[in-house]
>>> print(open('run_17.cif').read())   # mmCIF, C-alpha atoms
data_target
loop_
_atom_site.group_PDB
_atom_site.id
_atom_site.type_symbol
_atom_site.label_atom_id
_atom_site.label_comp_id
_atom_site.auth_asym_id
_atom_site.auth_seq_id
_atom_site.Cartn_x
_atom_site.Cartn_y
_atom_site.Cartn_z
ATOM 1 C CA MET A 123 -14.303 -10.430 -9.433
ATOM 2 C CA ASN A 124 -16.069 -10.189 -6.073
ATOM 3 C CA LYS A 125 -18.208 -7.259 -4.942
ATOM 4 C CA THR A 126 -15.623 -5.860 -2.525
ATOM 5 C CA LYS A 127 -12.939 -5.786 -5.174
ATOM 6 C CA ARG A 128 -15.283 -4.104 -7.681
ATOM 7 C CA ILE A 129 -16.132 -1.401 -5.149
ATOM 8 C CA TYR A 130 -12.424 -0.888 -4.431
ATOM 9 C CA LEU A 131 -11.494 -0.552 -8.115
ATOM 10 C CA ILE A 132 -14.400 1.792 -8.851
ATOM 11 C CA ALA A 133 -13.282 4.033 -5.980
ATOM 12 C CA VAL A 134 -9.667 3.944 -7.176
ATOM 13 C CA LEU A 135 -10.605 4.810 -10.767
ATOM 14 C CA PHE A 136 -12.805 7.667 -9.544
ATOM 15 C CA VAL A 137 -10.056 9.162 -7.445
ATOM 16 C CA SER A 138 -7.406 8.595 -10.115
ATOM 17 C CA THR A 139 -9.500 10.498 -12.677
ATOM 18 C CA LEU A 140 -9.751 13.484 -10.358
ATOM 19 C CA LEU A 141 -6.001 13.502 -9.842
ATOM 20 C CA VAL A 142 -4.923 13.456 -13.507
ATOM 21 C CA SER A 143 -4.408 17.210 -13.775
ATOM 22 C CA ALA A 144 -2.357 17.305 -10.562
ATOM 23 C CA VAL A 145 -0.163 14.412 -11.672
ATOM 24 C CA GLN A 146 0.566 15.960 -15.056
ATOM 25 C CA ALA A 147 1.981 19.047 -13.329
ATOM 26 C CA GLN A 148 4.590 17.014 -11.467
ATOM 27 C CA ASN A 149 7.736 15.275 -12.511
ATOM 28 C CA ILE A 150 6.985 11.804 -11.139
ATOM 29 C CA PRO A 151 9.975 9.396 -11.161
ATOM 30 C CA GLU A 152 9.443 6.424 -13.424
ATOM 31 C CA ASP A 153 10.246 4.005 -10.583
ATOM 32 C CA ALA A 154 7.399 5.515 -8.565
ATOM 33 C CA ARG A 155 5.001 4.992 -11.475
ATOM 34 C CA ARG A 156 6.230 1.418 -11.813
ATOM 35 C CA HIS A 157 5.505 0.658 -8.160
ATOM 36 C CA MET A 158 2.051 2.234 -8.525
ATOM 37 C CA ALA A 159 1.277 -0.038 -11.467
ATOM 38 C CA ARG A 160 2.585 -3.066 -9.575
ATOM 39 C CA GLY A 161 0.416 -2.124 -6.609
ATOM 40 C CA MET A 162 -2.667 -1.922 -8.821
ATOM 41 C CA ALA A 163 -1.852 -5.343 -10.248
ATOM 42 C CA ALA A 164 -1.511 -6.740 -6.720
ATOM 43 C CA VAL A 165 -4.935 -5.301 -5.833
ATOM 44 C CA GLU A 166 -6.488 -7.008 -8.855
ATOM 45 C CA MET A 167 -5.005 -10.343 -7.760
ATOM 46 C CA ALA A 168 -5.921 -10.101 -4.070
ATOM 47 C CA ASN A 169 -8.728 -12.389 -2.893
ATOM 48 C CA SER A 170 -8.393 -12.039 0.886
ATOM 49 C CA PRO A 171 -7.339 -9.365 3.401
ATOM 50 C CA GLU A 172 -3.933 -11.024 3.816
ATOM 51 C CA GLU A 173 -3.223 -10.794 0.080
ATOM 52 C CA TYR A 174 -3.376 -6.991 0.079
ATOM 53 C CA GLY A 175 0.034 -6.947 1.769
ATOM 54 C CA ALA A 176 1.860 -6.982 -1.566
ATOM 55 C CA ALA A 177 -0.161 -4.003 -2.829
ATOM 56 C CA ILE A 178 0.556 -2.084 0.366
ATOM 57 C CA THR A 179 4.298 -2.661 -0.049
ATOM 58 C CA GLU A 180 4.221 -1.391 -3.640
ATOM 59 C CA PHE A 181 2.216 1.749 -2.823
ATOM 60 C CA GLN A 182 4.526 2.520 0.093
ATOM 61 C CA ALA A 183 7.516 2.268 -2.272
ATOM 62 C CA ALA A 184 5.831 4.651 -4.727
ATOM 63 C CA ALA A 185 5.177 7.126 -1.912
ATOM 64 C CA ARG A 186 8.831 7.056 -0.814
ATOM 65 C CA LEU A 187 10.077 7.651 -4.356
ATOM 66 C CA ALA A 188 7.655 10.534 -4.986
ATOM 67 C CA PRO A 189 7.089 12.283 -1.630
ATOM 68 C CA GLY A 190 4.923 15.031 -3.103
ATOM 69 C CA TRP A 191 2.672 12.755 -5.154
ATOM 70 C CA PRO A 192 -0.789 12.312 -3.585
ATOM 71 C CA ASN A 193 -1.850 9.247 -5.613
ATOM 72 C CA PRO A 194 0.126 6.547 -3.740
ATOM 73 C CA HIS A 195 -1.399 7.597 -0.419
ATOM 74 C CA VAL A 196 -5.027 7.235 -1.483
ATOM 75 C CA HIS A 197 -4.318 3.842 -3.064
ATOM 76 C CA LEU A 198 -2.363 2.843 0.019
ATOM 77 C CA GLY A 199 -5.192 3.863 2.324
ATOM 78 C CA LEU A 200 -7.771 1.856 0.384
ATOM 79 C CA ALA A 201 -5.516 -1.224 0.351
ATOM 80 C CA GLN A 202 -4.843 -0.903 4.080
ATOM 81 C CA GLU A 203 -8.582 -0.729 4.717
ATOM 82 C CA ARG A 204 -9.122 -3.947 2.729
ATOM 83 C CA ALA A 205 -6.357 -5.544 4.814
ATOM 84 C CA GLY A 206 -8.182 -4.566 8.010
ATOM 85 C CA ASN A 207 -5.601 -1.999 9.165
ATOM 86 C CA PHE A 208 -8.063 0.840 9.674
ATOM 87 C CA GLU A 209 -5.819 3.099 11.736
ATOM 88 C CA ALA A 210 -3.028 3.057 9.132
ATOM 89 C CA ALA A 211 -5.586 3.600 6.355
ATOM 90 C CA ALA A 212 -6.865 6.755 8.049
ATOM 91 C CA VAL A 213 -3.293 8.067 8.351
ATOM 92 C CA SER A 214 -2.660 7.432 4.641
ATOM 93 C CA LEU A 215 -5.814 9.268 3.572
ATOM 94 C CA LYS A 216 -4.941 12.194 5.843
ATOM 95 C CA GLU A 217 -1.562 12.403 4.124
ATOM 96 C CA TYR A 218 -3.328 12.399 0.765
ATOM 97 C CA LEU A 219 -5.419 15.404 1.843
ATOM 98 C CA ARG A 220 -2.345 17.154 3.212
ATOM 99 C CA LEU A 221 -0.602 16.834 -0.136
ATOM 100 C CA ASP A 222 -3.647 17.884 -2.149
ATOM 101 C CA PRO A 223 -6.011 19.855 0.139
ATOM 102 C CA THR A 224 -7.972 21.363 -2.777
ATOM 103 C CA THR A 225 -8.821 18.049 -4.417
ATOM 104 C CA PRO A 226 -12.487 17.910 -5.527
ATOM 105 C CA ASP A 227 -13.015 14.684 -3.546
ATOM 106 C CA ALA A 228 -11.750 16.140 -0.253
ATOM 107 C CA GLU A 229 -15.163 15.943 1.414
ATOM 108 C CA LYS A 230 -15.656 12.275 0.502
ATOM 109 C CA ILE A 231 -12.130 11.378 1.600
ATOM 110 C CA GLN A 232 -12.632 13.147 4.939
ATOM 111 C CA GLU A 233 -15.885 11.233 5.440
ATOM 112 C CA GLN A 234 -14.012 7.998 4.763
ATOM 113 C CA ILE A 235 -11.371 8.995 7.328
ATOM 114 C CA TYR A 236 -14.089 9.420 9.965
ATOM 115 C CA LYS A 237 -15.419 5.950 9.149
ATOM 116 C CA LEU A 238 -11.962 4.413 9.384
ATOM 117 C CA GLU A 239 -11.322 6.061 12.747
ATOM 118 C CA TYR A 240 -14.564 4.586 14.058
ATOM 119 C CA LYS A 241 -13.679 1.126 12.712
ATOM 120 C CA ALA A 242 -10.236 1.353 14.318
ATOM 121 C CA GLU A 243 -11.862 2.058 17.684
ATOM 122 C CA GLN A 244 -13.946 -1.123 17.402
ATOM 123 C CA VAL A 245 -11.004 -3.423 16.727
ATOM 124 C CA HIS A 246 -9.911 -5.204 19.875
ATOM 125 C CA THR A 247 -6.278 -5.847 20.605
ATOM 126 C CA GLU A 248 -4.925 -9.375 20.812
ATOM 127 C CA SER A 249 -4.953 -9.241 24.613
ATOM 128 C CA GLU A 250 -8.587 -8.053 24.642
ATOM 129 C CA ILE A 251 -9.630 -10.972 22.431
ATOM 130 C CA ILE A 252 -7.825 -13.385 24.758
ATOM 131 C CA ASP A 253 -9.669 -11.867 27.727
ATOM 132 C CA VAL A 254 -13.024 -12.614 26.059
ATOM 133 C CA LEU A 255 -11.975 -16.204 25.340
ATOM 134 C CA VAL A 256 -10.625 -16.801 28.848
ATOM 135 C CA TYR A 257 -13.092 -14.850 30.999
ATOM 136 C CA GLY A 258 -16.085 -14.492 28.681
ATOM 137 C CA ARG A 259 -18.769 -16.946 27.664
ATOM 138 C CA PHE A 260 -19.262 -19.091 24.587
ATOM 139 C CA ARG A 261 -22.707 -18.006 23.383
ATOM 140 C CA GLY A 262 -23.029 -20.742 20.786
ATOM 141 C CA ILE A 263 -23.027 -21.505 17.102
ATOM 142 C CA LYS A 264 -24.585 -18.911 14.808
ATOM 143 C CA GLY A 265 -26.323 -20.396 11.810
ATOM 144 C CA HIS A 266 -25.729 -23.973 10.757
ATOM 145 C CA PHE A 267 -22.862 -26.324 10.256
ATOM 146 C CA THR A 268 -21.629 -26.559 6.689
ATOM 147 C CA THR A 269 -20.357 -30.036 5.990
ATOM 148 C CA ILE A 270 -17.506 -29.711 3.513
ATOM 149 C CA LYS A 271 -16.667 -33.395 3.553
ATOM 150 C CA GLY A 272 -17.819 -36.440 5.504
ATOM 151 C CA LYS A 273 -20.780 -37.051 7.797
ATOM 152 C CA ASN A 274 -22.476 -34.775 10.317
ATOM 153 C CA PRO A 275 -20.226 -33.732 13.193
ATOM 154 C CA ASP A 276 -20.653 -34.649 16.834
ATOM 155 C CA ARG A 277 -22.563 -31.489 17.791
ATOM 156 C CA GLY A 278 -22.501 -32.278 21.482
ATOM 157 C CA PHE A 279 -18.848 -31.358 21.930
ATOM 158 C CA PHE A 280 -17.090 -28.046 21.382
ATOM 159 C CA PRO A 281 -13.975 -26.663 23.045
ATOM 160 C CA GLU A 282 -15.222 -23.863 25.294
ATOM 161 C CA ARG A 283 -12.448 -23.456 27.859
ATOM 162 C CA PHE A 284 -9.461 -21.216 27.253
ATOM 163 C CA ARG A 285 -6.851 -20.205 29.791
ATOM 164 C CA VAL A 286 -3.498 -18.477 29.925
ATOM 165 C CA THR A 287 -0.620 -20.278 31.628
ATOM 166 C CA ASN A 288 2.883 -18.784 31.774
ATOM 167 C CA GLY A 289 1.856 -16.243 29.148
ATOM 168 C CA ARG A 290 0.681 -18.935 26.721
ATOM 169 C CA LEU A 291 -2.887 -19.290 25.447
ATOM 170 C CA LEU A 292 -4.229 -22.811 25.971
ATOM 171 C CA VAL A 293 -7.474 -24.544 25.119
ATOM 172 C CA CYS A 294 -8.609 -27.052 27.741
ATOM 173 C CA ASP A 295 -11.228 -29.738 27.263
ATOM 174 C CA PRO A 296 -12.249 -32.804 29.211
ATOM 175 C CA VAL A 297 -11.141 -36.120 27.790
ATOM 176 C CA PRO A 298 -14.406 -37.974 27.039
ATOM 177 C CA PHE A 299 -14.939 -41.135 29.086
ATOM 178 C CA SER A 300 -12.578 -39.893 31.761
ATOM 179 C CA LEU A 301 -15.497 -37.830 33.120
ATOM 180 C CA GLU A 302 -17.179 -40.934 34.491
ATOM 181 C CA PRO A 303 -15.198 -40.903 37.761
ATOM 182 C CA CYS A 304 -16.623 -37.438 38.495
ATOM 183 C CA TYR A 305 -20.278 -38.429 38.292
ATOM 184 C CA GLY A 306 -21.729 -38.311 41.815
ATOM 185 C CA SER A 307 -18.839 -36.189 43.063
ATOM 186 C CA LYS A 308 -19.706 -33.491 45.621
ATOM 187 C CA ASP A 309 -17.788 -30.993 43.496
ATOM 188 C CA PHE A 310 -18.179 -32.161 39.924
ATOM 189 C CA GLY A 311 -16.566 -28.991 38.528
ATOM 190 C CA ALA A 312 -13.422 -29.343 40.596
ATOM 191 C CA CYS A 313 -13.204 -33.030 39.748
ATOM 192 C CA MET A 314 -13.544 -32.286 36.022
ATOM 193 C CA GLU A 315 -10.735 -29.725 36.191
ATOM 194 C CA THR A 316 -8.349 -32.550 37.078
ATOM 195 C CA LEU A 317 -9.297 -34.355 33.855
ATOM 196 C CA LEU A 318 -8.780 -31.517 31.387
ATOM 197 C CA GLN A 319 -6.368 -31.823 28.502
ATOM 198 C CA CYS A 320 -4.768 -28.411 27.942
ATOM 199 C CA LEU A 321 -3.211 -27.767 24.551
ATOM 200 C CA PRO A 322 -1.254 -24.815 23.134
ATOM 201 C CA VAL A 323 -3.001 -22.439 20.738
ATOM 202 C CA THR A 324 -1.228 -20.568 17.943
ATOM 203 C CA PHE A 325 -2.721 -17.062 17.899
ATOM 204 C CA ASP A 326 -1.513 -14.046 15.897
ATOM 205 C CA GLY A 327 -4.374 -11.682 16.732
ATOM 206 C CA LYS A 328 -6.453 -12.760 13.725
ATOM 207 C CA LYS A 329 -6.220 -16.545 13.607
ATOM 208 C CA LEU A 330 -6.304 -19.326 16.187
ATOM 209 C CA GLU A 331 -5.031 -22.804 15.344
ATOM 210 C CA TYR A 332 -4.661 -25.952 17.436
ATOM 211 C CA GLN A 333 -5.076 -29.706 17.381
ATOM 212 C CA CYS A 334 -6.419 -32.172 19.939
ATOM 213 C CA THR A 335 -7.165 -35.867 20.325
ATOM 214 C CA HIS A 336 -10.357 -37.363 21.763
ATOM 215 C CA TYR A 337 -11.672 -40.823 22.369
ATOM 216 C CA ARG A 338 -15.327 -40.972 21.482
ATOM 217 C CA CYS A 339 -16.209 -44.616 20.835
ATOM 218 C CA PRO A 340 -19.185 -45.451 23.139
ATOM 219 C CA GLY A 341 -18.675 -49.170 22.718
ATOM 220 C CA CYS A 342 -14.963 -49.177 23.475
ATOM 221 C CA LEU A 343 -13.729 -50.420 26.827
ATOM 222 C CA GLU A 344 -10.241 -49.016 26.343
ATOM 223 C CA ILE A 345 -9.915 -45.278 25.864
ATOM 224 C CA SER A 346 -6.819 -45.687 23.729
ATOM 225 C CA SER A 347 -8.593 -47.989 21.290
ATOM 226 C CA ALA A 348 -10.418 -45.261 19.353
ATOM 227 C CA PRO A 349 -8.391 -42.052 18.875
ATOM 228 C CA TYR A 350 -10.455 -39.193 17.467
ATOM 229 C CA LYS A 351 -8.242 -36.411 16.114
ATOM 230 C CA ARG A 352 -9.566 -32.914 15.574
ATOM 231 C CA SER A 353 -7.850 -29.778 14.265
ATOM 232 C CA TYR A 354 -9.169 -26.223 14.236
ATOM 233 C CA LYS A 355 -8.445 -23.147 12.135
ATOM 234 C CA ARG A 356 -10.349 -20.142 13.489
ATOM 235 C CA ASP A 357 -10.509 -16.701 11.869
ATOM 236 C CA ILE A 358 -11.572 -13.644 13.892
ATOM 237 C CA ILE A 359 -14.200 -11.942 11.712
ATOM 238 C CA SER A 360 -15.533 -9.399 14.242
ATOM 239 C CA THR A 361 -14.733 -8.360 17.788
ATOM 240 C CA SER A 362 -17.919 -6.665 18.997
ATOM 241 C CA PRO A 363 -19.266 -9.241 19.637
ATOM 242 C CA LEU A 364 -16.398 -11.657 19.152
ATOM 243 C CA ARG A 365 -17.282 -13.885 16.208
ATOM 244 C CA ILE A 366 -15.043 -16.624 14.925
ATOM 245 C CA ARG A 367 -15.356 -18.573 11.678
ATOM 246 C CA THR A 368 -14.075 -22.082 12.331
ATOM 247 C CA ILE A 369 -12.851 -24.767 9.968
ATOM 248 C CA GLN A 370 -12.876 -28.080 11.831
ATOM 249 C CA VAL A 371 -11.204 -31.212 10.489
ATOM 250 C CA ASP A 372 -12.041 -34.520 12.173
ATOM 251 C CA THR A 373 -10.108 -37.712 11.598
ATOM 252 C CA LYS A 374 -11.574 -40.831 13.209
ATOM 253 C CA GLU A 375 -9.367 -43.871 13.401
ATOM 254 C CA TYR A 376 -11.091 -47.203 13.961
ATOM 255 C CA GLY A 377 -8.615 -50.017 13.614
ATOM 256 C CA ASP A 378 -7.284 -49.908 10.071
ATOM 257 C CA LYS A 379 -10.000 -47.512 8.845
ATOM 258 C CA ASP A 380 -9.564 -43.721 8.669
ATOM 259 C CA ASP A 381 -12.554 -41.415 8.181
ATOM 260 C CA THR A 382 -11.899 -37.704 7.659
ATOM 261 C CA ALA A 383 -14.573 -34.992 7.704
ATOM 262 C CA ASN A 384 -14.406 -31.179 7.364
ATOM 263 C CA TYR A 385 -16.911 -28.689 8.812
ATOM 264 C CA GLU A 386 -17.328 -24.913 8.844
ATOM 265 C CA TYR A 387 -19.337 -22.851 11.341
ATOM 266 C CA LEU A 388 -19.543 -19.466 13.048
ATOM 267 C CA GLU A 389 -19.033 -19.077 16.817
ATOM 268 C CA GLU A 390 -19.933 -16.158 19.045
ATOM 269 C CA TRP A 391 -18.345 -15.222 22.375
ATOM 270 C CA VAL A 392 -19.399 -12.501 24.804
ATOM 271 C CA ASN A 393 -17.663 -10.862 27.736
ATOM 272 C CA ASP A 394 -20.299 -10.870 30.503
#
>>> encode(input="run_17.cif", output="structure tokens")
Amino acid sequence: MNKTKRIYLIAVLFVSTLLVSAVQAQNIPEDARRHMARGMAAVEMANSPEEYGAAITEFQAAARLAPGWPNPHVHLGLAQERAGNFEAAAVSLKEYLRLDPTTPDAEKIQEQIYKLEYKAEQVHTESEIIDVLVYGRFRGIKGHFTTIKGKNPDRGFFPERFRVTNGRLLVCDPVPFSLEPCYGSKDFGACMETLLQCLPVTFDGKKLEYQCTHYRCPGCLEISSAPYKRSYKRDIISTSPLRIRTIQVDTKEYGDKDDTANYEYLEEWVND
């Protein structure tokens, strides 16, 4: 069990102990108790923010079935916090205090609400994140590459250009080798823009995913002779500054030979 989960369960057990006397005085429907137990089981099984969704659903069901029962709301708030939904978590804990304003842990819960409200203020919207990617600056890689499989990556190339076209987020990179015609150009930047490959990005506010193909064989005369395929899965881990944990999968195809390598690294972007 990881540290975060241990902290969560300790907090839940602490709060649950304080609420025993209040619960005993109420006639809680059995279905509500069942959903509470299912929610606790879902919490125990969750290993990532996304996996707390099942627990949230169960606690919400318990709250609907027992409107006057404070317990589901505190569990719900803690699960929502683990899922990264800080605003909803604060609302749930406020409802818990409304239902049981004299609870001995009221001061600690109110302090947690203040923290959640601050965290919610720091979370950028999807459009704000896109603005940083499109108009901001790629500051670089934080830390080191972790090679999961294969050889060291080509560190000289990273996709750094994002743009929005017709409401769609795109990543645009120059096709290697095709840059040669721009060398010596009076306006190298403008010339390079004509050689960009722009590809669609799947973005849900928390994850970015896309694939691209490059041709990076220095000894090849024909660009099409050495396709170099690369896919990205990027998780937004913070927004101030914008930091992205990237899983990069490279597949190099040389004739009949395929060579696949996986890498993980942390990127940082700033909005100058």
>>> resolve_selection(input="run_17.cif", expression="the PyMOL selection byres ((chain A and resi 238-241) around 10)", output="count of residues only")
21
>>> atom_distance(input="run_17.cif", atom1="CA of Ile358 in chain A", atom2="CA of Gly327 in chain A")
8.0 Å
>>> atom_distance(input="run_17.cif", atom1="CA of Glu152 in chain A", atom2="CA of Ala168 in chain A")
24.4 Å
>>> axis_aligned_box(input="run_17.cif", around="range 155-170 of chain A", padding_each_side="3 Å", output="AutoDock Vina command-line options")
--center_x -1.2 --center_y -3.7 --center_z -5.5 --size_x 21.0 --size_y 23.4 --size_z 18.7
>>> residues_around(input="run_17.cif", residues="Val323 in chain A", least_positions_apart="5", cutoff="7 Å", atoms="only C-alpha atoms", output="ChimeraX atom specification")
/A:291-293,330-332
>>> residues_around(input="run_17.cif", residues="range 364-373 of chain A", least_positions_apart="2", cutoff="6 Å", atoms="all atoms listed in the file", output="CSV table (one decimal) with C-alpha atoms, in the frame of the given file")
chain,number,residue,atom,x,y,z
A,351,LYS,CA,-8.2,-36.4,16.1
A,352,ARG,CA,-9.6,-32.9,15.6
A,353,SER,CA,-7.8,-29.8,14.3
A,354,TYR,CA,-9.2,-26.2,14.2
A,355,LYS,CA,-8.4,-23.1,12.1
A,356,ARG,CA,-10.3,-20.1,13.5
A,357,ASP,CA,-10.5,-16.7,11.9
A,358,ILE,CA,-11.6,-13.6,13.9
A,359,ILE,CA,-14.2,-11.9,11.7
A,360,SER,CA,-15.5,-9.4,14.2
A,361,THR,CA,-14.7,-8.4,17.8
A,362,SER,CA,-17.9,-6.7,19.0
A,381,ASP,CA,-12.6,-41.4,8.2
A,382,THR,CA,-11.9,-37.7,7.7
A,383,ALA,CA,-14.6,-35.0,7.7
A,384,ASN,CA,-14.4,-31.2,7.4
A,385,TYR,CA,-16.9,-28.7,8.8
A,386,GLU,CA,-17.3,-24.9,8.8
A,387,TYR,CA,-19.3,-22.9,11.3
A,388,LEU,CA,-19.5,-19.5,13.0
A,389,GLU,CA,-19.0,-19.1,16.8
A,390,GLU,CA,-19.9,-16.2,19.0
A,391,TRP,CA,-18.3,-15.2,22.4
>>> residues_near_point(input="run_17.cif", point="(6.0, -18.9, 22.4)", cutoff="12 Å", atoms="only C-alpha atoms", output="list in words")
Thr287, Asn288, Gly289, Arg290, Leu291, Leu292, Pro322, Val323, Thr324, Phe325 and Asp326 of chain A
>>> resolve_selection(input="run_17.cif", expression="the PyMOL selection byres ((chain A and resi 220) around 12)", output="PyMOL selection string")
chain A and resi 189-193+195-196+213-219+221-225+228+231-232
